[in-house]
>>> print(open('run_22.cif').read())   # mmCIF, C-alpha atoms and all ligand atoms
data_work
#
loop_
_atom_site.label_atom_id
_atom_site.label_comp_id
_atom_site.auth_asym_id
_atom_site.auth_seq_id
_atom_site.Cartn_x
_atom_site.Cartn_y
_atom_site.Cartn_z
CA MET A 1 94.74 96.03 107.21
CA PRO A 2 92.80 98.38 109.53
CA VAL A 3 90.80 96.80 112.33
CA LYS A 4 87.05 97.03 111.70
CA VAL A 5 85.26 98.40 114.77
CA MET A 6 81.78 99.48 115.73
CA PHE A 7 80.71 101.65 118.66
CA VAL A 8 77.19 101.08 119.92
CA GLN A 9 75.33 103.39 122.27
CA LEU A 10 72.44 101.87 124.18
CA ALA A 11 70.76 103.71 127.10
CA SER A 12 73.58 105.80 128.56
CA CYS A 13 74.89 109.31 129.12
CA TRP A 14 77.62 109.15 126.42
CA GLY A 15 80.25 109.76 129.09
CA CYS A 16 82.14 106.58 128.19
CA HIS A 17 82.39 107.55 124.54
CA GLN A 18 83.42 111.02 125.59
CA SER A 19 86.18 109.48 127.70
CA LEU A 20 87.69 108.22 124.41
CA LEU A 21 88.46 111.84 123.57
CA ASP A 22 90.53 112.05 126.76
CA LEU A 23 93.00 109.71 125.10
CA HIS A 24 94.29 112.91 123.46
CA GLU A 25 97.45 112.27 121.40
CA THR A 26 97.10 108.47 121.78
CA LEU A 27 94.13 108.85 119.41
CA ALA A 28 96.50 110.05 116.69
CA ASP A 29 98.28 106.66 116.83
CA VAL A 30 95.12 104.59 117.19
CA LEU A 31 92.66 106.14 114.72
CA PRO A 32 94.60 105.41 111.50
CA GLN A 33 94.57 101.72 112.49
CA LEU A 34 90.77 101.61 112.72
CA GLU A 35 88.00 101.37 110.17
CA ILE A 36 84.88 102.54 112.00
CA VAL A 37 81.93 100.83 110.34
CA PHE A 38 79.23 102.06 112.72
CA TRP A 39 79.09 104.84 115.31
CA HIS A 40 75.55 106.14 115.31
CA THR A 41 76.11 108.79 117.98
CA VAL A 42 78.69 110.53 115.82
CA VAL A 43 77.51 109.88 112.26
CA ASP A 44 73.88 109.42 111.22
CA TYR A 45 73.86 105.66 110.72
CA LYS A 46 70.54 103.81 110.91
CA LEU A 47 69.73 100.39 112.30
CA HIS A 48 69.58 98.89 108.81
CA ASP A 49 73.24 99.92 108.36
CA VAL A 50 74.11 97.35 111.04
CA GLU A 51 71.52 94.82 109.87
CA LYS A 52 73.06 94.62 106.41
CA LEU A 53 76.63 93.97 107.65
CA PRO A 54 77.59 90.29 107.19
CA ASP A 55 77.59 88.33 110.46
CA GLY A 56 81.02 88.24 112.14
CA SER A 57 82.40 90.83 109.71
CA VAL A 58 83.38 93.40 112.37
CA ASP A 59 86.56 92.69 114.34
CA VAL A 60 85.65 94.47 117.59
CA GLY A 61 82.44 96.03 118.90
CA PHE A 62 82.17 98.29 121.94
CA THR A 63 78.81 98.66 123.68
CA GLU A 64 78.13 101.62 125.96
CA GLY A 65 74.94 101.61 128.04
CA PHE A 66 72.27 99.08 128.97
CA CYS A 67 68.98 97.96 127.44
CA ARG A 68 66.15 100.29 128.44
CA THR A 69 64.03 99.78 125.33
CA GLU A 70 63.30 97.00 122.88
CA GLU A 71 65.36 98.93 120.32
CA ASP A 72 68.41 98.84 122.63
CA LEU A 73 68.01 95.11 122.99
CA HIS A 74 67.70 94.61 119.23
CA LEU A 75 70.86 96.67 118.66
CA LEU A 76 72.79 94.76 121.34
CA LYS A 77 71.88 91.42 119.78
CA LEU A 78 72.85 92.73 116.33
CA ALA A 79 76.22 93.91 117.68
CA ARG A 80 76.87 90.42 119.05
CA GLN A 81 75.93 88.88 115.73
CA LYS A 82 78.14 91.17 113.65
CA CYS A 83 81.26 91.32 115.87
CA LYS A 84 83.96 88.70 116.35
CA LEU A 85 84.86 90.23 119.72
CA LEU A 86 82.41 92.18 121.86
CA VAL A 87 83.64 94.54 124.57
CA SER A 88 81.35 95.74 127.35
CA TYR A 89 82.51 99.33 127.53
CA GLY A 90 81.84 101.13 130.82
CA THR A 91 79.89 100.33 133.94
CA CYS A 92 76.40 100.91 132.47
CA SER A 93 77.10 98.15 129.97
CA THR A 94 78.86 95.92 132.50
CA TYR A 95 76.77 96.28 135.67
CA GLY A 96 73.95 98.79 135.00
CA SER A 97 75.49 101.84 136.71
CA ILE A 98 73.63 104.83 138.17
CA PRO A 99 70.73 105.16 135.67
CA SER A 100 69.55 101.64 136.46
CA LEU A 101 68.74 102.65 140.02
CA LEU A 102 65.41 103.23 138.28
CA ASN A 103 64.91 99.51 139.00
CA LEU A 104 63.71 100.76 142.40
CA TYR A 105 60.55 102.24 140.84
CA PRO A 106 57.68 100.89 138.76
CA ILE A 107 58.16 101.92 135.15
CA GLU A 108 54.72 103.65 135.01
CA GLU A 109 55.75 105.86 137.94
CA ALA A 110 59.06 106.73 136.29
CA LEU A 111 57.40 107.64 132.98
CA SER A 112 54.83 109.76 134.73
CA ARG A 113 57.50 111.59 136.72
CA LYS A 114 59.58 112.33 133.63
CA PHE A 115 56.89 113.27 131.15
CA LYS A 116 54.07 114.63 133.32
CA GLU A 117 55.22 115.69 136.77
CA ALA A 118 58.74 117.10 136.29
CA GLU A 119 58.86 120.79 137.24
CA SER A 120 59.86 121.80 133.70
CA VAL A 121 56.83 120.09 132.09
CA VAL A 122 53.94 122.34 131.05
CA GLU A 123 51.40 120.05 129.40
CA GLY A 124 52.82 116.61 129.79
CA ARG A 125 51.91 113.35 128.14
CA ILE A 126 53.72 110.06 127.93
CA PRO A 127 54.82 109.54 124.32
CA ASP A 128 53.34 106.40 122.80
CA LYS A 129 53.80 106.86 119.05
CA HIS A 130 56.99 106.26 117.03
CA VAL A 131 58.99 105.40 120.17
CA PRO A 132 60.38 101.99 121.10
CA LYS A 133 58.69 100.10 123.95
CA MET A 134 60.37 100.44 127.35
CA LEU A 135 61.55 97.28 129.07
CA GLU A 136 60.15 96.73 132.58
CA HIS A 137 63.52 96.83 134.30
CA VAL A 138 67.25 96.85 133.56
CA LYS A 139 69.22 93.61 133.44
CA PRO A 140 72.98 93.43 132.92
CA ASN A 141 73.75 93.14 129.20
CA ARG A 142 75.59 89.86 129.82
CA GLU A 143 72.22 88.28 130.57
CA TYR A 144 71.22 88.95 126.96
CA VAL A 145 74.43 88.29 125.03
CA LYS A 146 77.85 86.79 125.58
CA TYR A 147 80.75 89.23 125.96
CA ASP A 148 84.44 88.61 125.37
CA LEU A 149 85.74 91.42 127.56
CA PHE A 150 84.48 93.77 130.25
CA LEU A 151 85.96 97.22 130.64
CA PRO A 152 84.25 98.86 133.64
CA GLY A 153 84.41 102.42 134.90
CA CYS A 154 81.95 105.30 134.95
CA PRO A 155 83.51 106.25 132.64
CA PRO A 156 86.59 104.03 132.19
CA GLU A 157 89.75 106.02 132.86
CA PRO A 158 91.76 106.90 129.71
CA PRO A 159 94.90 104.89 130.68
CA LEU A 160 92.70 101.82 131.14
CA ILE A 161 91.10 102.36 127.71
CA ALA A 162 94.50 102.97 126.10
CA GLY A 163 95.88 99.72 127.57
CA VAL A 164 92.94 97.68 126.30
CA VAL A 165 92.87 99.25 122.83
CA THR A 166 96.63 98.84 122.41
CA SER A 167 96.44 95.16 123.39
CA LEU A 168 93.54 94.58 120.99
CA LEU A 169 95.43 96.21 118.14
CA LYS A 170 98.38 93.89 118.82
CA GLY A 171 96.01 90.92 118.65
CA GLU A 172 96.47 90.21 122.38
CA THR A 173 93.66 89.56 124.88
CA PRO A 174 93.68 92.38 127.42
CA LYS A 175 93.44 91.39 131.09
CA LEU A 176 91.97 93.49 133.87
CA LYS A 177 93.92 93.73 137.09
CA GLU A 178 92.77 91.28 139.73
CA ARG A 179 92.94 93.13 143.04
CA THR A 180 90.78 95.59 144.95
CA LEU A 181 91.04 99.35 144.81
CA CYS A 182 92.65 99.40 148.30
CA ASP A 183 95.63 97.60 146.74
CA GLU A 184 96.35 100.44 144.32
CA CYS A 185 95.27 103.27 146.63
CA PRO A 186 98.30 105.25 147.87
CA ARG A 187 96.71 106.07 151.24
CA VAL A 188 98.25 104.56 154.35
CA LYS A 189 96.07 101.97 156.05
CA SER A 190 96.44 99.92 159.22
CA ASP A 191 96.45 96.12 159.16
CA VAL A 192 93.30 96.10 161.28
CA ILE A 193 90.80 98.91 160.80
CA VAL A 194 88.47 99.81 163.67
CA LEU A 195 85.86 102.40 162.84
CA LYS A 196 85.19 104.64 165.83
CA LYS A 197 83.19 107.24 163.89
CA VAL A 198 81.32 107.50 160.58
CA LYS A 199 81.07 110.69 158.58
CA ARG A 200 79.38 111.97 155.44
CA ASP A 201 81.68 113.08 152.62
CA PHE A 202 81.21 116.79 153.30
CA GLU A 203 82.06 116.61 157.00
CA GLY A 204 85.49 117.89 157.99
CA ILE A 205 88.64 117.89 155.88
CA PRO A 206 90.25 114.46 155.36
CA GLU A 207 93.82 113.95 156.50
CA PRO A 208 95.97 113.93 153.33
CA GLU A 209 97.61 110.52 153.58
CA LYS A 210 95.57 108.30 155.88
CA CYS A 211 92.98 105.78 154.59
CA LEU A 212 89.63 107.56 154.23
CA LEU A 213 87.71 104.62 155.65
CA GLU A 214 89.84 104.72 158.78
CA GLN A 215 88.93 108.39 159.08
CA GLY A 216 85.25 107.45 159.11
CA TYR A 217 84.33 108.18 155.48
CA ILE A 218 82.38 105.47 153.66
CA CYS A 219 84.93 104.46 151.01
CA MET A 220 83.95 101.56 148.74
CA GLY A 221 87.60 100.60 148.09
CA PRO A 222 87.51 97.20 149.84
CA ALA A 223 84.64 96.00 147.61
CA THR A 224 85.76 97.63 144.35
CA ARG A 225 87.99 96.44 141.50
CA GLU A 226 91.26 98.29 140.98
CA GLY A 227 92.19 99.76 137.61
CA CYS A 228 91.17 103.42 137.73
CA GLY A 229 94.44 104.49 139.36
CA ALA A 230 92.57 105.38 142.58
CA VAL A 231 91.86 108.80 141.12
CA CYS A 232 89.19 109.76 143.66
CA THR A 233 90.87 108.61 146.87
CA SER A 234 94.15 110.19 145.74
CA ALA A 235 92.26 113.47 145.49
CA GLY A 236 90.71 113.07 148.96
CA VAL A 237 87.30 111.81 147.78
CA PRO A 238 86.00 108.45 149.03
CA CYS A 239 85.57 105.83 146.30
CA LYS A 240 81.96 105.36 145.19
CA GLY A 241 82.68 102.01 143.56
CA CYS A 242 82.34 102.82 139.85
CA MET A 243 84.72 100.04 138.74
CA GLY A 244 82.22 97.51 140.08
CA PRO A 245 82.86 94.54 142.36
CA GLY A 246 86.38 93.39 143.13
CA PRO A 247 87.59 89.99 141.94
CA ASN A 248 85.59 87.02 143.24
CA VAL A 249 82.92 89.34 144.63
CA MET A 250 79.42 88.49 143.52
CA ASP A 251 77.60 91.47 145.03
CA GLN A 252 79.55 94.69 145.58
CA GLY A 253 76.96 96.25 147.91
CA ALA A 254 76.66 93.15 150.09
CA LYS A 255 80.44 92.82 150.26
CA MET A 256 80.88 96.43 151.39
CA LEU A 257 78.07 96.15 153.94
CA SER A 258 79.67 93.08 155.43
CA ALA A 259 83.13 94.73 155.41
CA LEU A 260 81.69 97.76 157.18
CA ALA A 261 79.80 95.67 159.71
CA SER A 262 83.00 93.86 160.65
CA ILE A 263 85.09 97.00 161.34
CA VAL A 264 82.61 99.22 163.19
CA ASP A 265 83.31 99.65 166.90
CA TYR A 266 79.73 99.45 168.15
CA GLU A 267 80.65 100.98 171.51
CA SER A 268 81.62 104.21 169.75
CA VAL A 269 79.23 104.15 166.76
CA SER A 270 75.52 103.66 167.39
CA PRO A 271 73.10 102.25 164.79
CA GLU A 272 71.61 105.78 164.61
CA ASP A 273 75.04 107.24 163.69
CA LEU A 274 75.34 104.65 160.92
CA VAL A 275 71.89 105.43 159.53
CA LYS A 276 72.73 109.15 159.62
CA ALA A 277 76.00 108.63 157.75
CA VAL A 278 74.48 106.27 155.18
CA LYS A 279 71.34 108.11 154.19
CA ASP A 280 70.62 106.06 151.08
CA VAL A 281 71.63 102.42 151.51
CA VAL A 282 71.09 101.23 147.92
CA GLY A 283 72.46 104.46 146.45
CA THR A 284 75.58 104.17 148.60
CA PHE A 285 76.44 100.50 148.34
CA SER A 286 74.88 99.43 145.03
CA ARG A 287 75.02 102.72 143.15
CA PHE A 288 76.74 101.17 140.14
CA THR A 289 75.69 97.54 140.33
CA LEU A 290 72.03 97.24 141.35
CA PRO A 291 70.88 95.15 138.32
CA SER A 292 73.86 92.80 138.85
CA SER A 293 73.30 92.37 142.57
CA ILE A 294 71.58 89.51 144.37
CA ILE A 295 68.39 91.59 144.69
CA PRO A 296 68.46 93.44 141.36
CA LYS A 297 65.19 95.37 141.55
CA ALA A 298 62.32 96.32 143.79
CA VAL A 299 59.28 94.08 143.62
CA PHE A 300 55.88 95.75 143.38
CA LYS A 301 52.39 94.47 143.98
CA LYS A 302 50.35 94.49 140.77
CA LYS A 303 47.59 97.09 141.05
S1 LIG A 401 79.09 104.15 132.63
FE1 LIG A 401 78.90 106.19 133.50
S2 LIG A 401 79.88 107.54 132.00
FE2 LIG A 401 79.50 105.59 130.97
S3 LIG A 401 77.53 105.88 129.97
FE3 LIG A 401 77.13 104.96 131.98
S4 LIG A 401 76.69 106.69 133.34
FE4 LIG A 401 77.71 107.49 131.50
S1 LIG A 402 89.38 102.13 152.02
FE1 LIG A 402 89.51 103.72 150.46
S2 LIG A 402 90.99 105.18 151.24
FE2 LIG A 402 91.24 103.30 152.41
S3 LIG A 402 92.85 102.19 151.34
FE3 LIG A 402 90.89 101.45 150.55
S4 LIG A 402 90.53 102.72 148.75
FE4 LIG A 402 92.10 103.75 149.95
S1 LIG A 403 88.18 105.71 142.96
FE1 LIG A 403 86.30 104.52 142.93
S2 LIG A 403 84.72 105.93 142.21
FE2 LIG A 403 86.71 106.86 141.75
S3 LIG A 403 87.15 106.24 139.64
FE3 LIG A 403 88.09 104.71 140.98
S4 LIG A 403 86.55 103.10 141.23
FE4 LIG A 403 85.52 104.90 140.41
#
>>> encode(input="run_22.cif", output="structure tokens")
Amino acid sequence: MPVKVMFVQLASCWGCHQSLLDLHETLADVLPQLEIVFWHTVVDYKLHDVEKLPDGSVDVGFTEGFCRTEEDLHLLKLARQKCKLLVSYGTCSTYGSIPSLLNLYPIEEALSRKFKEAESVVEGRIPDKHVPKMLEHVKPNREYVKYDLFLPGCPPEPPLIAGVVTSLLKGETPKLKERTLCDECPRVKSDVIVLKKVKRDFEGIPEPEKCLLEQGYICMGPATREGCGAVCTSAGVPCKGCMGPGPNVMDQGAKMLSALASIVDYESVSPEDLVKAVKDVVGTFSRFTLPSSIIPKAVFKKK
């Protein structure tokens, strides 16, 4: 019997779904075992196609993206209702990811920027007919519905997806690895790191084997979950933290800030150097997890 699955896209860039295609020949083994009952970004399904499915009739549902509109929220709740097992697929769905940095702005300002002020707009107006209502701010999906499994990554790396899908097809519960990215990173690090300089990513050429953080680059490895295969750091690029917080970490940004504060040699690095190297504090430390952090949004005075 094929496994019944549904793929749901909420507010997102479709990168996670696209990452499925990077499974390449693994897809040839997996696809014949699936009966896809809903995938509205690929085939023109409508909401009522999900509404009419019997509750609990779908074996596994994957949600990409977060709830930006009331329609997203309705679809997420329907997915929960229809699926026996619900997988939070990707970092938008799991923590909010980059697009939810919009939580730093009032929604009216964001709408005005997009529809009226953007350089490409000629005669702008904010659409108000036949469009779903925007939600005030982004919350992690898990605050709306219960999930059975989280598969982070922006997007999740194909080997991670393949491992999870294979386990699900065998009827096993997949488990994410429980260490930090530094544990799977091949770079050589000292037992005690002392940061005598801080650099922006474009400054200099990193040494090929030494820990990037030790070289002064802001690498989110110590506060990030392993599982991506350390693809960025292996290629000489500091980790931005897209797998979300490491195990037992409540707030990835706060964890990294505290890790950084404890390794900086303040005789060599001044507060001004730090501010120069970290131009955008929220965008650096909470780029992927703002709605899931202890302070999940900016607070504005009502006009
Ligand atoms: S997690 Fe990243 S790749 Fe996936 S939908 Fe969100 S922004 Fe796109
Ligand atoms: S800080 Fe970055 S470069 Fe250093 S070991 Fe951790 S993940 Fe690797
Ligand atoms: S190294 Fe960091 S930013 Fe790169 S894929 Fe892994 S978790 Fe994401």
>>> residues_around(input="run_22.cif", residues="Tyr105 in chain A", least_positions_apart="6", cutoff="10 Å", atoms="only C-alpha atoms", output="list in words")
Glu136, His137, Lys297, Ala298, Val299 and Phe300 of chain A
>>> closest_residue(input="run_22.cif", among="A:Thr91, A:Thr69, A:Ser120, A:Gln9", to="Leu135 in chain A", atoms="only C-alpha atoms")
A:Thr69
>>> closest_residue(input="run_22.cif", among="A:Cys185, A:Ala277, A:Val60, A:Met6", to="Val164 in chain A", atoms="all atoms listed in the file")
A:Val60
>>> residues_near_ligand(input="run_22.cif", ligand="ligand LIG 401 (chain A)", cutoff="10 Å", atoms="all atoms listed in the file", output="VMD selection string")
chain A and resid 9 to 19 63 to 66 89 to 100 151 to 156 242 to 243 288
>>> write_last_selection(input="run_22.cif", atoms="C-alpha atoms", output="mmCIF file, in the frame of the given file")
data_model
loop_
_atom_site.group_PDB
_atom_site.id
_atom_site.type_symbol
_atom_site.label_atom_id
_atom_site.label_comp_id
_atom_site.auth_asym_id
_atom_site.auth_seq_id
_atom_site.Cartn_x
_atom_site.Cartn_y
_atom_site.Cartn_z
ATOM 1 C CA GLN A 9 75.330 103.390 122.270
ATOM 2 C CA LEU A 10 72.440 101.870 124.180
ATOM 3 C CA ALA A 11 70.760 103.710 127.100
ATOM 4 C CA SER A 12 73.580 105.800 128.560
ATOM 5 C CA CYS A 13 74.890 109.310 129.120
ATOM 6 C CA TRP A 14 77.620 109.150 126.420
ATOM 7 C CA GLY A 15 80.250 109.760 129.090
ATOM 8 C CA CYS A 16 82.140 106.580 128.190
ATOM 9 C CA HIS A 17 82.390 107.550 124.540
ATOM 10 C CA GLN A 18 83.420 111.020 125.590
ATOM 11 C CA SER A 19 86.180 109.480 127.700
ATOM 12 C CA THR A 63 78.810 98.660 123.680
ATOM 13 C CA GLU A 64 78.130 101.620 125.960
ATOM 14 C CA GLY A 65 74.940 101.610 128.040
ATOM 15 C CA PHE A 66 72.270 99.080 128.970
ATOM 16 C CA TYR A 89 82.510 99.330 127.530
ATOM 17 C CA GLY A 90 81.840 101.130 130.820
ATOM 18 C CA THR A 91 79.890 100.330 133.940
ATOM 19 C CA CYS A 92 76.400 100.910 132.470
ATOM 20 C CA SER A 93 77.100 98.150 129.970
ATOM 21 C CA THR A 94 78.860 95.920 132.500
ATOM 22 C CA TYR A 95 76.770 96.280 135.670
ATOM 23 C CA GLY A 96 73.950 98.790 135.000
ATOM 24 C CA SER A 97 75.490 101.840 136.710
ATOM 25 C CA ILE A 98 73.630 104.830 138.170
ATOM 26 C CA PRO A 99 70.730 105.160 135.670
ATOM 27 C CA SER A 100 69.550 101.640 136.460
ATOM 28 C CA LEU A 151 85.960 97.220 130.640
ATOM 29 C CA PRO A 152 84.250 98.860 133.640
ATOM 30 C CA GLY A 153 84.410 102.420 134.900
ATOM 31 C CA CYS A 154 81.950 105.300 134.950
ATOM 32 C CA PRO A 155 83.510 106.250 132.640
ATOM 33 C CA PRO A 156 86.590 104.030 132.190
ATOM 34 C CA CYS A 242 82.340 102.820 139.850
ATOM 35 C CA MET A 243 84.720 100.040 138.740
ATOM 36 C CA PHE A 288 76.740 101.170 140.140
#
>>> closest_residue(input="run_22.cif", among="A:Lys146, A:Lys199, A:Lys279, A:Lys129", to="Lys84 in chain A", atoms="only C-alpha atoms")
A:Lys146
>>> closest_atom_pairs(input="run_22.cif", of="chain A", to="ligand LIG 402 (chain A)", cutoff="12 Å", atoms="all atoms listed in the file", output="JSON lines")
{"residue": "A:Arg179", "atom": "CA", "partner": "A:LIG402", "partner_atom": "FE3", "distance": 11.4}
{"residue": "A:Thr180", "atom": "CA", "partner": "A:LIG402", "partner_atom": "S4", "distance": 8.1}
{"residue": "A:Leu181", "atom": "CA", "partner": "A:LIG402", "partner_atom": "S4", "distance": 5.2}
{"residue": "A:Cys182", "atom": "CA", "partner": "A:LIG402", "partner_atom": "FE3", "distance": 3.5}
{"residue": "A:Asp183", "atom": "CA", "partner": "A:LIG402", "partner_atom": "S3", "distance": 7.1}
{"residue": "A:Glu184", "atom": "CA", "partner": "A:LIG402", "partner_atom": "S4", "distance": 7.7}
{"residue": "A:Cys185", "atom": "CA", "partner": "A:LIG402", "partner_atom": "FE4", "distance": 4.6}
{"residue": "A:Pro186", "atom": "CA", "partner": "A:LIG402", "partner_atom": "FE4", "distance": 6.7}
{"residue": "A:Arg187", "atom": "CA", "partner": "A:LIG402", "partner_atom": "FE4", "distance": 5.3}
{"residue": "A:Val188", "atom": "CA", "partner": "A:LIG402", "partner_atom": "S3", "distance": 6.6}
{"residue": "A:Lys189", "atom": "CA", "partner": "A:LIG402", "partner_atom": "S3", "distance": 5.7}
{"residue": "A:Ser190", "atom": "CA", "partner": "A:LIG402", "partner_atom": "S3", "distance": 9.0}
{"residue": "A:Asp191", "atom": "CA", "partner": "A:LIG402", "partner_atom": "S3", "distance": 10.5}
{"residue": "A:Val192", "atom": "CA", "partner": "A:LIG402", "partner_atom": "FE2", "distance": 11.6}
{"residue": "A:Ile193", "atom": "CA", "partner": "A:LIG402", "partner_atom": "S1", "distance": 9.5}
{"residue": "A:Val194", "atom": "CA", "partner": "A:LIG402", "partner_atom": "S1", "distance": 11.9}
{"residue": "A:Leu195", "atom": "CA", "partner": "A:LIG402", "partner_atom": "S1", "distance": 11.4}
{"residue": "A:Pro206", "atom": "CA", "partner": "A:LIG402", "partner_atom": "S2", "distance": 10.2}
{"residue": "A:Glu207", "atom": "CA", "partner": "A:LIG402", "partner_atom": "S2", "distance": 10.6}
{"residue": "A:Pro208", "atom": "CA", "partner": "A:LIG402", "partner_atom": "S2", "distance": 10.3}
{"residue": "A:Glu209", "atom": "CA", "partner": "A:LIG402", "partner_atom": "S2", "distance": 8.8}
{"residue": "A:Lys210", "atom": "CA", "partner": "A:LIG402", "partner_atom": "S2", "distance": 7.2}
{"residue": "A:Cys211", "atom": "CA", "partner": "A:LIG402", "partner_atom": "FE2", "distance": 3.7}
{"residue": "A:Leu212", "atom": "CA", "partner": "A:LIG402", "partner_atom": "S2", "distance": 4.1}
{"residue": "A:Leu213", "atom": "CA", "partner": "A:LIG402", "partner_atom": "S1", "distance": 4.7}
{"residue": "A:Glu214", "atom": "CA", "partner": "A:LIG402", "partner_atom": "FE2", "distance": 6.7}
{"residue": "A:Gln215", "atom": "CA", "partner": "A:LIG402", "partner_atom": "FE2", "distance": 8.7}
{"residue": "A:Gly216", "atom": "CA", "partner": "A:LIG402", "partner_atom": "S1", "distance": 9.8}
{"residue": "A:Tyr217", "atom": "CA", "partner": "A:LIG402", "partner_atom": "S2", "distance": 8.4}
{"residue": "A:Ile218", "atom": "CA", "partner": "A:LIG402", "partner_atom": "S1", "distance": 7.9}
{"residue": "A:Cys219", "atom": "CA", "partner": "A:LIG402", "partner_atom": "FE1", "distance": 4.7}
{"residue": "A:Met220", "atom": "CA", "partner": "A:LIG402", "partner_atom": "FE1", "distance": 6.2}
{"residue": "A:Gly221", "atom": "CA", "partner": "A:LIG402", "partner_atom": "S4", "distance": 3.7}
{"residue": "A:Pro222", "atom": "CA", "partner": "A:LIG402", "partner_atom": "FE3", "distance": 5.5}
{"residue": "A:Ala223", "atom": "CA", "partner": "A:LIG402", "partner_atom": "FE3", "distance": 8.8}
{"residue": "A:Thr224", "atom": "CA", "partner": "A:LIG402", "partner_atom": "S4", "distance": 8.2}
{"residue": "A:Arg225", "atom": "CA", "partner": "A:LIG402", "partner_atom": "S4", "distance": 9.9}
{"residue": "A:Glu226", "atom": "CA", "partner": "A:LIG402", "partner_atom": "S4", "distance": 9.0}
{"residue": "A:Gly227", "atom": "CA", "partner": "A:LIG402", "partner_atom": "S4", "distance": 11.6}
{"residue": "A:Cys228", "atom": "CA", "partner": "A:LIG402", "partner_atom": "S4", "distance": 11.1}
{"residue": "A:Gly229", "atom": "CA", "partner": "A:LIG402", "partner_atom": "S4", "distance": 10.3}
{"residue": "A:Ala230", "atom": "CA", "partner": "A:LIG402", "partner_atom": "S4", "distance": 7.0}
{"residue": "A:Val231", "atom": "CA", "partner": "A:LIG402", "partner_atom": "S4", "distance": 9.8}
{"residue": "A:Cys232", "atom": "CA", "partner": "A:LIG402", "partner_atom": "S4", "distance": 8.8}
{"residue": "A:Thr233", "atom": "CA", "partner": "A:LIG402", "partner_atom": "S2", "distance": 5.6}
{"residue": "A:Ser234", "atom": "CA", "partner": "A:LIG402", "partner_atom": "FE4", "distance": 8.0}
{"residue": "A:Ala235", "atom": "CA", "partner": "A:LIG402", "partner_atom": "S2", "distance": 10.2}
{"residue": "A:Gly236", "atom": "CA", "partner": "A:LIG402", "partner_atom": "S2", "distance": 8.2}
{"residue": "A:Val237", "atom": "CA", "partner": "A:LIG402", "partner_atom": "S2", "distance": 8.3}
{"residue": "A:Pro238", "atom": "CA", "partner": "A:LIG402", "partner_atom": "FE1", "distance": 6.1}
{"residue": "A:Cys239", "atom": "CA", "partner": "A:LIG402", "partner_atom": "FE1", "distance": 6.1}
{"residue": "A:Lys240", "atom": "CA", "partner": "A:LIG402", "partner_atom": "FE1", "distance": 9.4}
{"residue": "A:Gly241", "atom": "CA", "partner": "A:LIG402", "partner_atom": "S4", "distance": 9.4}
{"residue": "A:Met243", "atom": "CA", "partner": "A:LIG402", "partner_atom": "S4", "distance": 11.9}
{"residue": "A:Gly246", "atom": "CA", "partner": "A:LIG402", "partner_atom": "S4", "distance": 11.7}
{"residue": "A:Met256", "atom": "CA", "partner": "A:LIG402", "partner_atom": "S1", "distance": 10.3}
{"residue": "A:Ala259", "atom": "CA", "partner": "A:LIG402", "partner_atom": "S1", "distance": 10.3}
{"residue": "A:Leu260", "atom": "CA", "partner": "A:LIG402", "partner_atom": "S1", "distance": 10.2}
{"residue": "A:Ile263", "atom": "CA", "partner": "A:LIG402", "partner_atom": "S1", "distance": 11.5}
>>> atom_distance(input="run_22.cif", atom1="CA of Gly171 in chain A", atom2="CA of Cys67 in chain A")
29.3 Å
>>> atom_distance(input="run_22.cif", atom1="CA of Val121 in chain A", atom2="CA of Ile107 in chain A")
18.5 Å
>>> residues_near_point(input="run_22.cif", point="(94.2, 104.7, 111.7)", cutoff="12 Å", atoms="all atoms listed in the file", output="list of chain:residue names")
A:Met1, A:Pro2, A:Val3, A:Lys4, A:Val5, A:Thr26, A:Leu27, A:Ala28, A:Asp29, A:Val30, A:Leu31, A:Pro32, A:Gln33, A:Leu34, A:Glu35, A:Ile36, A:Leu169
>>> atom_distance(input="run_22.cif", atom1="CA of Asp59 in chain A", atom2="CA of Val37 in chain A")
10.2 Å
>>> closest_residue(input="run_22.cif", among="A:Val87, A:Leu101, A:Val282, A:Leu76", to="Phe150 in chain A", atoms="all atoms listed in the file")
A:Val87
>>> closest_residue(input="run_22.cif", among="A:Leu168, A:Leu257, A:Leu160, A:Val281", to="ligand LIG 403 (chain A)", atoms="only C-alpha atoms and all ligand atoms")
A:Leu160
